Structure formats: C-alpha cells, structure tokens
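Text of upload_0.cif, listed as mmCIF, C-alpha atoms:
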```
data_input
loop_
_atom_site.group_PDB
_atom_site.id
_atom_site.type_symbol
_atom_site.label_atom_id
_atom_site.label_comp_id
_atom_site.auth_asym_id
_atom_site.auth_seq_id
_atom_site.Cartn_x
_atom_site.Cartn_y
_atom_site.Cartn_z
ATOM 1 C CA MET A 931 0.377 1.084 10.673
ATOM 2 C CA VAL A 932 3.125 -1.058 12.086
ATOM 3 C CA PHE A 933 1.474 -4.007 13.780
ATOM 4 C CA GLU A 934 3.461 -5.400 16.706
ATOM 5 C CA ILE A 935 1.614 -7.354 19.382
ATOM 6 C CA ARG A 936 1.814 -6.720 23.107
ATOM 7 C CA LEU A 937 -0.211 -6.972 26.286
ATOM 8 C CA LEU A 938 -1.236 -3.478 27.376
ATOM 9 C CA VAL A 939 -0.178 -2.612 30.927
ATOM 10 C CA THR A 940 -2.150 0.328 32.252
ATOM 11 C CA GLY A 941 -3.214 1.635 35.609
ATOM 12 C CA ALA A 942 -6.941 1.293 35.038
ATOM 13 C CA ALA A 943 -9.394 -0.991 33.299
ATOM 14 C CA ARG A 944 -10.164 0.266 29.807
ATOM 15 C CA ILE A 945 -12.962 -1.066 27.616
ATOM 16 C CA GLY A 946 -12.890 -4.536 29.034
ATOM 17 C CA LEU A 947 -9.084 -4.731 29.481
ATOM 18 C CA CYS A 948 -7.461 -5.186 32.875
ATOM 19 C CA VAL A 949 -4.017 -4.383 34.188
ATOM 20 C CA ALA A 950 -1.499 -7.178 33.732
ATOM 21 C CA ALA A 951 -1.534 -8.043 37.416
ATOM 22 C CA SER A 952 -5.270 -8.697 37.346
ATOM 23 C CA VAL A 953 -5.498 -10.751 34.156
ATOM 24 C CA CYS A 954 -5.759 -14.048 35.986
ATOM 25 C CA CYS A 955 -8.460 -12.685 38.251
ATOM 26 C CA SER A 956 -10.497 -11.293 35.363
ATOM 27 C CA TRP A 957 -10.207 -14.154 32.867
ATOM 28 C CA GLY A 958 -9.101 -17.027 35.004
ATOM 29 C CA GLN A 959 -6.000 -19.196 34.896
ATOM 30 C CA SER A 960 -7.229 -21.498 32.182
ATOM 31 C CA GLY A 961 -7.662 -19.562 28.979
ATOM 32 C CA ASP A 962 -8.134 -16.656 26.654
ATOM 33 C CA LYS A 963 -10.954 -14.156 26.805
ATOM 34 C CA ALA A 964 -13.726 -15.165 24.438
ATOM 35 C CA ASN A 965 -14.178 -12.953 21.391
ATOM 36 C CA PRO A 966 -17.907 -12.223 20.906
ATOM 37 C CA PHE A 967 -17.319 -11.767 17.157
ATOM 38 C CA ASP A 968 -15.286 -14.910 16.457
ATOM 39 C CA ASN A 969 -17.803 -16.215 13.948
ATOM 40 C CA PRO A 970 -18.046 -16.145 10.125
ATOM 41 C CA GLU A 971 -19.951 -12.863 10.027
ATOM 42 C CA GLY A 972 -17.632 -11.177 12.526
ATOM 43 C CA ARG A 973 -14.506 -12.338 10.702
ATOM 44 C CA GLN A 974 -15.885 -11.131 7.372
ATOM 45 C CA GLN A 975 -16.652 -7.712 8.829
ATOM 46 C CA GLY A 976 -13.238 -7.725 10.470
ATOM 47 C CA GLN A 977 -11.599 -8.280 7.094
ATOM 48 C CA THR A 978 -13.326 -5.181 5.716
ATOM 49 C CA LEU A 979 -12.239 -3.138 8.727
ATOM 50 C CA PHE A 980 -8.696 -4.486 8.377
ATOM 51 C CA GLN A 981 -8.534 -3.141 4.823
ATOM 52 C CA THR A 982 -9.502 0.299 6.115
ATOM 53 C CA HIS A 983 -7.298 0.503 9.197
ATOM 54 C CA CYS A 984 -4.413 -1.928 8.715
ATOM 55 C CA ALA A 985 -3.780 -2.959 5.106
ATOM 56 C CA TYR A 986 -1.720 0.106 4.204
ATOM 57 C CA CYS A 987 1.129 -1.136 6.414
ATOM 58 C CA HIS A 988 0.412 -4.845 6.752
ATOM 59 C CA GLY A 989 -0.732 -5.640 3.218
ATOM 60 C CA ALA A 990 -4.206 -6.592 2.027
ATOM 61 C CA ARG A 991 -3.719 -10.177 3.232
ATOM 62 C CA GLY A 992 -1.557 -9.389 6.245
ATOM 63 C CA GLU A 993 1.636 -10.389 4.467
ATOM 64 C CA GLY A 994 3.553 -7.425 5.819
ATOM 65 C CA GLY A 995 5.420 -4.493 4.368
ATOM 66 C CA ARG A 996 5.986 -1.395 6.431
ATOM 67 C CA GLY A 997 4.241 -3.340 9.183
ATOM 68 C CA ALA A 998 4.845 -6.863 10.436
ATOM 69 C CA ASP A 999 3.870 -10.029 8.573
ATOM 70 C CA LEU A 1000 0.747 -11.307 10.329
ATOM 71 C CA THR A 1001 0.431 -14.571 8.421
ATOM 72 C CA THR A 1002 2.957 -16.583 10.410
ATOM 73 C CA GLY A 1003 0.573 -17.083 13.325
ATOM 74 C CA ASN A 1004 3.369 -16.035 15.691
ATOM 75 C CA PHE A 1005 3.081 -12.614 17.333
ATOM 76 C CA ARG A 1006 6.060 -11.120 19.106
ATOM 77 C CA HIS A 1007 4.037 -9.707 21.976
ATOM 78 C CA GLY A 1008 1.411 -12.414 22.227
ATOM 79 C CA GLY A 1009 -1.527 -13.450 20.083
ATOM 80 C CA SER A 1010 -4.313 -14.031 22.585
ATOM 81 C CA ASN A 1011 -7.615 -12.259 22.045
ATOM 82 C CA GLN A 1012 -6.992 -9.734 24.795
ATOM 83 C CA GLU A 1013 -3.414 -9.043 23.691
ATOM 84 C CA LEU A 1014 -4.448 -8.463 20.102
ATOM 85 C CA TYR A 1015 -7.327 -6.280 21.242
ATOM 86 C CA ALA A 1016 -4.986 -4.179 23.374
ATOM 87 C CA THR A 1017 -2.540 -3.637 20.533
ATOM 88 C CA ILE A 1018 -5.175 -2.691 17.963
ATOM 89 C CA HIS A 1019 -7.152 -0.513 20.348
ATOM 90 C CA SER A 1020 -4.295 1.297 22.073
ATOM 91 C CA GLY A 1021 -1.269 0.939 19.780
ATOM 92 C CA ILE A 1022 2.301 0.434 20.951
ATOM 93 C CA ALA A 1023 4.153 3.292 22.573
ATOM 94 C CA GLY A 1024 7.482 4.151 20.969
ATOM 95 C CA THR A 1025 6.637 2.514 17.632
ATOM 96 C CA GLU A 1026 4.810 3.441 14.424
ATOM 97 C CA MET A 1027 1.842 1.339 15.546
ATOM 98 C CA PRO A 1028 -0.904 3.851 16.429
ATOM 99 C CA ALA A 1029 -4.105 3.300 18.319
ATOM 100 C CA VAL A 1030 -7.029 2.435 16.048
ATOM 101 C CA ARG A 1031 -9.865 4.828 16.675
ATOM 102 C CA ALA A 1032 -12.739 2.431 16.249
ATOM 103 C CA PRO A 1033 -15.658 1.212 18.393
ATOM 104 C CA GLU A 1034 -15.012 -1.696 20.720
ATOM 105 C CA ASP A 1035 -17.081 -4.104 18.609
ATOM 106 C CA ASP A 1036 -15.091 -3.203 15.485
ATOM 107 C CA VAL A 1037 -11.803 -3.862 17.273
ATOM 108 C CA TRP A 1038 -13.017 -7.304 18.321
ATOM 109 C CA LYS A 1039 -13.989 -8.030 14.707
ATOM 110 C CA MET A 1040 -10.488 -7.097 13.545
ATOM 111 C CA VAL A 1041 -9.047 -9.388 16.217
ATOM 112 C CA ALA A 1042 -11.189 -12.234 14.872
ATOM 113 C CA PHE A 1043 -9.912 -11.645 11.337
ATOM 114 C CA VAL A 1044 -6.243 -11.260 12.319
ATOM 115 C CA ARG A 1045 -6.323 -14.594 14.111
ATOM 116 C CA THR A 1046 -7.401 -16.300 10.872
ATOM 117 C CA LEU A 1047 -4.430 -14.964 8.893
ATOM 118 C CA GLY A 1048 -2.012 -17.586 10.161
ATOM 119 C CA SER A 1049 -4.342 -20.550 9.645
ATOM 120 C CA ALA A 1050 -6.135 -20.003 6.325
ATOM 121 C CA GLY A 1051 -4.653 -23.156 4.800
ATOM 122 C CA LEU A 1052 -5.557 -25.496 7.644
ATOM 123 C CA ARG A 1053 -9.229 -25.668 6.703
ATOM 124 C CA GLU A 1054 -8.622 -27.273 3.298
ATOM 125 C CA THR A 1055 -7.191 -30.510 1.914
ATOM 126 C CA ALA A 1056 -5.341 -30.502 -1.406
ATOM 127 C CA THR A 1057 -6.185 -33.134 -4.020
ATOM 128 C CA GLY A 1058 -2.749 -33.339 -5.664
ATOM 129 C CA ASN A 1059 0.311 -35.426 -4.816
ATOM 130 C CA PRO A 1060 2.721 -33.515 -2.525
ATOM 131 C CA GLN A 1061 5.684 -35.746 -3.401
ATOM 132 C CA ALA A 1062 5.187 -35.154 -7.122
ATOM 133 C CA GLY A 1063 4.745 -31.451 -6.401
ATOM 134 C CA GLN A 1064 8.040 -31.348 -4.521
ATOM 135 C CA ALA A 1065 9.781 -32.836 -7.544
ATOM 136 C CA ILE A 1066 8.339 -30.052 -9.705
ATOM 137 C CA TYR A 1067 9.327 -27.419 -7.143
ATOM 138 C CA GLU A 1068 12.912 -28.651 -7.047
ATOM 139 C CA GLY A 1069 13.109 -29.529 -10.748
ATOM 140 C CA LYS A 1070 11.379 -27.972 -13.751
ATOM 141 C CA GLY A 1071 9.729 -25.247 -11.683
ATOM 142 C CA ARG A 1072 13.111 -23.969 -10.402
ATOM 143 C CA CYS A 1073 11.242 -22.474 -7.443
ATOM 144 C CA ALA A 1074 14.170 -22.854 -5.031
ATOM 145 C CA ALA A 1075 16.161 -20.333 -7.063
ATOM 146 C CA CYS A 1076 14.009 -17.566 -5.557
ATOM 147 C CA HIS A 1077 12.219 -19.085 -2.557
ATOM 148 C CA THR A 1078 13.438 -20.524 0.731
ATOM 149 C CA ILE A 1079 12.072 -23.534 2.598
ATOM 150 C CA LYS A 1080 13.550 -24.241 6.014
ATOM 151 C CA GLY A 1081 16.599 -22.118 5.296
ATOM 152 C CA GLN A 1082 17.356 -23.653 1.891
ATOM 153 C CA GLY A 1083 16.962 -21.704 -1.347
ATOM 154 C CA GLY A 1084 17.015 -18.158 -2.674
ATOM 155 C CA SER A 1085 15.808 -14.948 -1.061
ATOM 156 C CA LEU A 1086 14.354 -13.038 -3.998
ATOM 157 C CA GLY A 1087 10.853 -14.278 -3.188
ATOM 158 C CA PRO A 1088 8.941 -14.923 0.045
ATOM 159 C CA ASP A 1089 9.970 -17.693 2.431
ATOM 160 C CA LEU A 1090 7.576 -20.594 1.841
ATOM 161 C CA SER A 1091 8.342 -22.647 4.955
ATOM 162 C CA ASN A 1092 4.885 -21.945 6.396
ATOM 163 C CA VAL A 1093 2.883 -21.021 3.305
ATOM 164 C CA GLY A 1094 0.545 -24.009 3.608
ATOM 165 C CA ARG A 1095 -0.663 -22.775 6.980
ATOM 166 C CA SER A 1096 -1.187 -19.155 6.019
ATOM 167 C CA ARG A 1097 -2.530 -19.494 2.458
ATOM 168 C CA GLY A 1098 -5.541 -21.350 1.102
ATOM 169 C CA LEU A 1099 -5.591 -23.558 -1.992
ATOM 170 C CA ASN A 1100 -7.190 -20.974 -4.281
ATOM 171 C CA TYR A 1101 -4.607 -18.374 -3.301
ATOM 172 C CA LEU A 1102 -1.751 -20.793 -3.947
ATOM 173 C CA MET A 1103 -3.122 -21.710 -7.370
ATOM 174 C CA GLU A 1104 -3.676 -18.079 -8.343
ATOM 175 C CA SER A 1105 -0.148 -17.213 -7.232
ATOM 176 C CA LEU A 1106 1.220 -19.832 -9.641
ATOM 177 C CA VAL A 1107 -0.830 -18.962 -12.729
ATOM 178 C CA ASN A 1108 -1.270 -15.215 -12.158
ATOM 179 C CA PRO A 1109 1.519 -14.013 -9.856
ATOM 180 C CA ASP A 1110 0.783 -10.325 -10.547
ATOM 181 C CA ALA A 1111 -2.658 -10.658 -8.922
ATOM 182 C CA ASP A 1112 -1.348 -10.125 -5.395
ATOM 183 C CA VAL A 1113 2.271 -9.142 -4.826
ATOM 184 C CA ALA A 1114 3.336 -8.715 -1.202
ATOM 185 C CA ILE A 1115 4.653 -5.219 -0.470
ATOM 186 C CA PRO A 1116 8.248 -6.313 0.309
ATOM 187 C CA TYR A 1117 8.451 -8.188 -3.008
ATOM 188 C CA ARG A 1118 7.106 -5.619 -5.456
ATOM 189 C CA ALA A 1119 9.519 -5.208 -8.297
ATOM 190 C CA ILE A 1120 11.565 -2.135 -9.076
ATOM 191 C CA GLN A 1121 13.790 -1.152 -11.977
ATOM 192 C CA VAL A 1122 16.582 1.398 -12.037
ATOM 193 C CA VAL A 1123 17.966 2.853 -15.243
ATOM 194 C CA THR A 1124 21.477 4.269 -15.048
ATOM 195 C CA LYS A 1125 22.583 7.336 -16.966
ATOM 196 C CA ALA A 1126 24.752 4.978 -18.990
ATOM 197 C CA GLY A 1127 21.564 3.248 -20.179
ATOM 198 C CA LYS A 1128 21.786 0.029 -18.148
ATOM 199 C CA THR A 1129 18.556 -1.331 -16.641
ATOM 200 C CA VAL A 1130 18.657 -3.412 -13.453
ATOM 201 C CA GLY A 1131 15.523 -5.002 -12.027
ATOM 202 C CA GLY A 1132 14.856 -6.599 -8.660
ATOM 203 C CA ILE A 1133 13.170 -5.890 -5.343
ATOM 204 C CA ARG A 1134 13.891 -2.801 -3.289
ATOM 205 C CA LEU A 1135 15.670 -3.391 0.011
ATOM 206 C CA ASN A 1136 16.374 0.128 1.209
ATOM 207 C CA GLU A 1137 16.268 3.695 -0.030
ATOM 208 C CA ASP A 1138 17.177 7.167 1.185
ATOM 209 C CA ASP A 1139 17.658 10.566 -0.421
ATOM 210 C CA VAL A 1140 21.099 9.642 -1.734
ATOM 211 C CA SER A 1141 21.033 5.965 -2.700
ATOM 212 C CA ILE A 1142 18.895 2.911 -3.326
ATOM 213 C CA GLN A 1143 19.678 -0.753 -2.648
ATOM 214 C CA LEU A 1144 18.007 -3.692 -4.302
ATOM 215 C CA ARG A 1145 18.315 -7.427 -4.772
ATOM 216 C CA ASP A 1146 18.512 -8.102 -8.493
ATOM 217 C CA SER A 1147 16.951 -10.961 -10.427
ATOM 218 C CA GLY A 1148 20.155 -12.965 -9.952
ATOM 219 C CA ASP A 1149 19.763 -12.697 -6.150
ATOM 220 C CA ASN A 1150 22.679 -10.263 -5.931
ATOM 221 C CA LEU A 1151 22.741 -7.201 -3.679
ATOM 222 C CA ARG A 1152 23.126 -3.978 -5.680
ATOM 223 C CA SER A 1153 23.530 -0.373 -4.561
ATOM 224 C CA PHE A 1154 23.223 2.771 -6.675
ATOM 225 C CA PHE A 1155 23.735 6.474 -6.034
ATOM 226 C CA LYS A 1156 20.658 8.313 -7.233
ATOM 227 C CA GLU A 1157 22.797 10.940 -8.932
ATOM 228 C CA ASP A 1158 23.957 8.167 -11.292
ATOM 229 C CA LEU A 1159 20.414 7.116 -12.209
ATOM 230 C CA LYS A 1160 18.262 8.357 -15.048
ATOM 231 C CA GLU A 1161 15.033 6.748 -13.842
ATOM 232 C CA ILE A 1162 13.523 4.632 -11.062
ATOM 233 C CA ARG A 1163 10.508 2.574 -12.096
ATOM 234 C CA ARG A 1164 8.472 1.412 -9.127
ATOM 235 C CA ASP A 1165 5.828 -1.288 -8.669
ATOM 236 C CA LYS A 1166 6.742 -3.149 -11.817
ATOM 237 C CA PRO A 1167 4.998 -6.555 -12.238
ATOM 238 C CA SER A 1168 5.989 -9.479 -10.062
ATOM 239 C CA LEU A 1169 9.401 -10.998 -10.734
ATOM 240 C CA MET A 1170 7.796 -14.419 -10.457
ATOM 241 C CA PRO A 1171 6.904 -16.023 -13.814
ATOM 242 C CA SER A 1172 3.518 -17.546 -14.497
ATOM 243 C CA TYR A 1173 3.328 -21.350 -14.345
ATOM 244 C CA LYS A 1174 0.453 -21.622 -16.815
ATOM 245 C CA SER A 1175 2.694 -23.820 -18.927
ATOM 246 C CA LEU A 1176 2.386 -26.631 -16.375
ATOM 247 C CA SER A 1177 -0.350 -29.189 -16.922
ATOM 248 C CA GLY A 1178 -3.415 -29.197 -14.700
ATOM 249 C CA LYS A 1179 -2.104 -32.255 -12.843
ATOM 250 C CA GLU A 1180 1.301 -30.657 -12.322
ATOM 251 C CA LEU A 1181 -0.293 -27.515 -10.908
ATOM 252 C CA GLU A 1182 -2.443 -29.581 -8.537
ATOM 253 C CA ASP A 1183 0.617 -31.475 -7.340
ATOM 254 C CA LEU A 1184 2.633 -28.288 -6.841
ATOM 255 C CA VAL A 1185 -0.233 -26.713 -4.889
ATOM 256 C CA ALA A 1186 -0.472 -29.869 -2.771
ATOM 257 C CA TYR A 1187 3.227 -29.639 -1.939
ATOM 258 C CA LEU A 1188 3.004 -25.942 -1.038
ATOM 259 C CA SER A 1189 -0.080 -26.638 1.067
ATOM 260 C CA SER A 1190 1.894 -29.268 3.008
ATOM 261 C CA LEU A 1191 4.451 -26.665 4.163
ATOM 262 C CA ARG A 1192 3.321 -25.863 7.683
ATOM 263 C CA SER A 1193 6.488 -25.630 9.713
ATOM 264 C CA ALA A 1194 5.585 -22.859 12.168
ATOM 265 C CA GLN A 1195 3.669 -25.053 14.575
#
```

In structure tokens, how does this file's structure come out?
Amino acid sequence: MVFEIRLLVTGAARIGLCVAASVCCSWGQSGDKANPFDNPEGRQQGQTLFQTHCAYCHGARGEGGRGADLTTGNFRHGGSNQELYATIHSGIAGTEMPAVRAPEDDVWKMVAFVRTLGSAGLRETATGNPQAGQAIYEGKGRCAACHTIKGQGGSLGPDLSNVGRSRGLNYLMESLVNPDADVAIPYRAIQVVTKAGKTVGGIRLNEDDVSIQLRDSGDNLRSFFKEDLKEIRRDKPSLMPSYKSLSGKELEDLVAYLSSLRSAQ
C-alpha cells in the first residue's frame, strides 16, 4: 500500500478521531494525542502487523518501494500520532493508499512502530572513529561512486544523508559485510540480455509493456525496447559489494561515520 500521511477531515468523529476544526478542543493546544501502545511491547507487535499490512509497498523496514520511504522521519501530511492513525485507519482518497481493516488497538500499534522507523539509530552510540570512517568512505571504500551524502555522490545506491538516524549499528554493519541480506525495493538489481547477446545490469527505474529503463552499474541511464531483449532477469543480488575485506577496525570506523549522518533534523 502506498503510505502517504495526512490528517483525516471528516464530518463526524470516528474511532477516537475528530474533525480538523475540533482537534484543538479534543487534544488541546499543546501536544499530540498519546498513543496507548507506545511502549516496547506495542512497538514489537506493531512491527509484526506492519509486515502483514504495509511491508509489501513500503518494504520490510519501511525503506519504501511502491510506497513512500518511511525512514526519513518526515511525513508529507504530518507525523503526529493522530495523523498517522488517520492515514493507516482510513487511507488516502485518490491514491493507492487503502484503509487498513484492522482493530483500533492494532492501528495504534502500527503507529507506534512507524514512528520508530526514522529514529532507530538515535538510541545507539558507535565505538569507531567517524573521521577515520569518512576517509574510508571517500577513499578505499569508493562509496561515493554509488551513494549520495548531502547532494554529493552517485545515485546508484540509496542516499545516505540521514542513514545514521534511520538505521541502527547492527543494520549498518550487516549492510557492509552482507549487502544481499536486505536490499531496499527501489535498489534491487536487474539484468537485461539483448538478442545480440549483450548483458547490462543495474537497477530498474521504469517499465511498461514496450520498454524498460534502468540505471546501469556505471550510473548511466539506459533504455531498451523489450522486442530487442532476449531475457530480463529480476531481483538479482545487490549491486553493492561486500566489505568483508576491511579490517574489524576499519568496519567499526566506517559504521561510526555512517551512524553520524543524521541530517534530516
């Protein structure tokens, strides 16, 4: 489901939600409505429910795909408890985001989990040296060839400007040594084989009945007519190489640098 965030405006109260004009009266001027399931158990249950109702479009970790990326911590239509509840419970008219048919308590649990997606990295402190990690990122790691930080770098891989806020230390380490373990939907690899026998790999950008467009491993935009292709191989392994060749100290430093990237807020 496509997950865009908005404040539901309706003519009647509905499962604890009020019309926009009465929000201040119902919850007061000072703050967000408390989520009764914003606790470790509620968030854990919310994660399980998210996998059932939301992961198909938003990715298992909320990284986006057909649906919006939920890990940035910034929601287009508002990220308060009541706004998130309204979107999950009632969907968004005119979009692919449907209403989630789930009990009220389950919706609140999903809200609790979604609100953790943009702050997973803030609860941990890396042990490595961020400055040394930056040198590896820019030097022997050649990470900037595929990734962008604050508008600088390649676009073959995910933007890392805010990765330290949205990803924990274990996830960052696993992504370096075993990048195939969790590949975000928009960055799953694809290969096309032309009838002339040429193979081109990259990430898919767009596809219709007639053609397919991809960004190849050299960060170049490529377009092919399907009638000229012999084969399309989907969901190939991640284009990102494993960094197992780095020493333990180098990996710790690189993780520390990535964890320091928290530009969204």

Proximity to Leu1000 of chain A - best of A:Phe1155, A:Tyr1187, A:Phe980, A:Tyr1101, only C-alpha atoms = A:Phe980

message = Using the chain letters and numbers from this file, what does the PyMOL selection byres ((chain A and resi 1067) around 12) select? Give the answer as an MDAnalysis selection string.
response = chainID A and resid 1060:1066 1068:1079 1083 1090 1106 1173 1176 1180:1181 1183:1188

key: Interatomic distance, atom CA of Asn1011 of chain A to atom CA of Thr1046 of chain A (Å, one decimal)   = 11.9 Å

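Note that the spacing between atom CA of Asp1036 of chain A and atom CA of Leu1052 of chain A amounts to 25.5 Å.
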
request  = Using only C-alpha atoms, pick whichever of A:Ser1091, A:Thr978, A:Thr1057, A:Gln1121 has the shortest atom-to-atom distance to Leu1169 of chain A.
outcome  = A:Gln1121

ask   = Which residue out of A:Val1113, A:Val1123, A:Ile1142, A:Leu1099 has the minimum interatomic distance to Gly994 of chain A when only C-alpha atoms are used?
value =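 Of all the options, A:Val1113 lies closest to Gly994 of chain A.
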
request  = In Å, rounded to a single decimal, give me how far atom CA of Val1041 of chain A is from atom CA of His1019 of chain A.
outcome  =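 Separation of atom CA of His1019 of chain A and atom CA of Val1041 of chain A: 10.0 Å.
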
note = Gln1143 of chain A proximity check over A:Gly1098, A:Pro1109, A:Pro966, A:Gly1131, using all atoms listed in the file: winner is A:Gly1131

inquiry  = Using all atoms listed in the file for the distances, tell me which of A:Ala1111, A:Leu1159, A:Met1103, A:Leu1086 is nearest to Gly1132 of chain A.
reply    = A:Leu1086

ask   = Smallest atom-to-atom distance to Lys1174 of chain A: which of A:Thr1124, A:Asn1100, A:Thr1017, A:Ser1105, using all atoms listed in the file?
value =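 So, comparing all the options, the nearest one is A:Ser1105.
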
inquiry  = As a check of understanding, name the residues that the PyMOL selection byres ((chain A and resi 1144) around 10) selects in the supplied structure, as a count of residues only.
reply    = 23

ask   = Any chance you could work out the residue set of the PyMOL selection byres ((chain A and resi 1097) around 10) here, as an MDAnalysis selection string?
value = chainID A and resid 991 1001 1047:1052 1054 1092:1096 1098:1102 1188:1189

message = Residues within 10 Å of (-9.5, -3.5, 11.3), file coordinates, counting all atoms listed in the file: what are they? Give the list as a VMD selection string.
response = chain A and resid 975 to 985 1018 to 1019 1030 to 1032 1036 to 1044

Save out the residues we just selected, C-alpha atoms, as a PDB file, in the coordinates of the input.
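Dumped everything to again.pdb:
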```pdb
ATOM      1  CA  GLN A 975     -16.652  -7.712   8.829  1.00  0.00           C
ATOM      2  CA  GLY A 976     -13.238  -7.725  10.470  1.00  0.00           C
ATOM      3  CA  GLN A 977     -11.599  -8.280   7.094  1.00  0.00           C
ATOM      4  CA  THR A 978     -13.326  -5.181   5.716  1.00  0.00           C
ATOM      5  CA  LEU A 979     -12.239  -3.138   8.727  1.00  0.00           C
ATOM      6  CA  PHE A 980      -8.696  -4.486   8.377  1.00  0.00           C
ATOM      7  CA  GLN A 981      -8.534  -3.141   4.823  1.00  0.00           C
ATOM      8  CA  THR A 982      -9.502   0.299   6.115  1.00  0.00           C
ATOM      9  CA  HIS A 983      -7.298   0.503   9.197  1.00  0.00           C
ATOM     10  CA  CYS A 984      -4.413  -1.928   8.715  1.00  0.00           C
ATOM     11  CA  ALA A 985      -3.780  -2.959   5.106  1.00  0.00           C
ATOM     12  CA  ILE A1018      -5.175  -2.691  17.963  1.00  0.00           C
ATOM     13  CA  HIS A1019      -7.152  -0.513  20.348  1.00  0.00           C
ATOM     14  CA  VAL A1030      -7.029   2.435  16.048  1.00  0.00           C
ATOM     15  CA  ARG A1031      -9.865   4.828  16.675  1.00  0.00           C
ATOM     16  CA  ALA A1032     -12.739   2.431  16.249  1.00  0.00           C
ATOM     17  CA  ASP A1036     -15.091  -3.203  15.485  1.00  0.00           C
ATOM     18  CA  VAL A1037     -11.803  -3.862  17.273  1.00  0.00           C
ATOM     19  CA  TRP A1038     -13.017  -7.304  18.321  1.00  0.00           C
ATOM     20  CA  LYS A1039     -13.989  -8.030  14.707  1.00  0.00           C
ATOM     21  CA  MET A1040     -10.488  -7.097  13.545  1.00  0.00           C
ATOM     22  CA  VAL A1041      -9.047  -9.388  16.217  1.00  0.00           C
ATOM     23  CA  ALA A1042     -11.189 -12.234  14.872  1.00  0.00           C
ATOM     24  CA  PHE A1043      -9.912 -11.645  11.337  1.00  0.00           C
ATOM     25  CA  VAL A1044      -6.243 -11.260  12.319  1.00  0.00           C
TER      26      VAL A1044
END
```

Mind filling out segment 1085-1106 of chain A with N, CA and C atoms and sending it as a compact mmCIF listing (two decimals), in the frame of the given file?
```
# COMPACT_ATOMS: atom_id res chain seq x y z
N SER A 1085 16.49 -15.94 -1.91
CA SER A 1085 15.81 -14.95 -1.06
C SER A 1085 15.14 -13.85 -1.86
N LEU A 1086 14.99 -14.05 -3.17
CA LEU A 1086 14.35 -13.04 -4.00
C LEU A 1086 12.84 -13.02 -3.80
N GLY A 1087 12.28 -14.17 -3.44
CA GLY A 1087 10.85 -14.28 -3.19
C GLY A 1087 10.58 -14.61 -1.74
N PRO A 1088 9.31 -14.64 -1.34
CA PRO A 1088 8.94 -14.92 0.04
C PRO A 1088 9.39 -16.31 0.52
N ASP A 1089 9.69 -16.41 1.79
CA ASP A 1089 9.97 -17.69 2.43
C ASP A 1089 8.68 -18.52 2.43
N LEU A 1090 8.76 -19.75 1.97
CA LEU A 1090 7.58 -20.59 1.84
C LEU A 1090 7.48 -21.67 2.92
N SER A 1091 8.30 -21.59 3.94
CA SER A 1091 8.34 -22.65 4.96
C SER A 1091 6.99 -22.87 5.62
N ASN A 1092 6.16 -21.85 5.69
CA ASN A 1092 4.88 -21.94 6.40
C ASN A 1092 3.71 -21.56 5.51
N VAL A 1093 3.91 -21.54 4.19
CA VAL A 1093 2.88 -21.02 3.30
C VAL A 1093 1.61 -21.86 3.33
N GLY A 1094 1.73 -23.16 3.58
CA GLY A 1094 0.55 -24.01 3.61
C GLY A 1094 -0.37 -23.74 4.78
N ARG A 1095 0.16 -23.15 5.82
CA ARG A 1095 -0.66 -22.78 6.98
C ARG A 1095 -1.36 -21.45 6.74
N SER A 1096 -0.66 -20.52 6.12
CA SER A 1096 -1.19 -19.16 6.02
C SER A 1096 -1.96 -18.87 4.74
N ARG A 1097 -1.86 -19.74 3.73
CA ARG A 1097 -2.53 -19.49 2.46
C ARG A 1097 -3.41 -20.67 2.06
N GLY A 1098 -4.61 -20.34 1.56
CA GLY A 1098 -5.54 -21.35 1.10
C GLY A 1098 -5.20 -21.86 -0.28
N LEU A 1099 -5.90 -22.91 -0.72
CA LEU A 1099 -5.59 -23.56 -1.99
C LEU A 1099 -5.83 -22.63 -3.18
N ASN A 1100 -6.91 -21.88 -3.17
CA ASN A 1100 -7.19 -20.97 -4.28
C ASN A 1100 -6.12 -19.91 -4.41
N TYR A 1101 -5.66 -19.39 -3.27
CA TYR A 1101 -4.61 -18.37 -3.30
C TYR A 1101 -3.32 -18.96 -3.87
N LEU A 1102 -2.97 -20.17 -3.45
CA LEU A 1102 -1.75 -20.79 -3.95
C LEU A 1102 -1.82 -21.02 -5.46
N MET A 1103 -2.97 -21.49 -5.94
CA MET A 1103 -3.12 -21.71 -7.37
C MET A 1103 -3.03 -20.40 -8.15
N GLU A 1104 -3.71 -19.38 -7.66
CA GLU A 1104 -3.68 -18.08 -8.34
C GLU A 1104 -2.26 -17.51 -8.37
N SER A 1105 -1.51 -17.72 -7.29
CA SER A 1105 -0.15 -17.21 -7.23
C SER A 1105 0.74 -17.87 -8.28
N LEU A 1106 0.43 -19.12 -8.64
CA LEU A 1106 1.22 -19.83 -9.64
C LEU A 1106 0.87 -19.41 -11.07
```
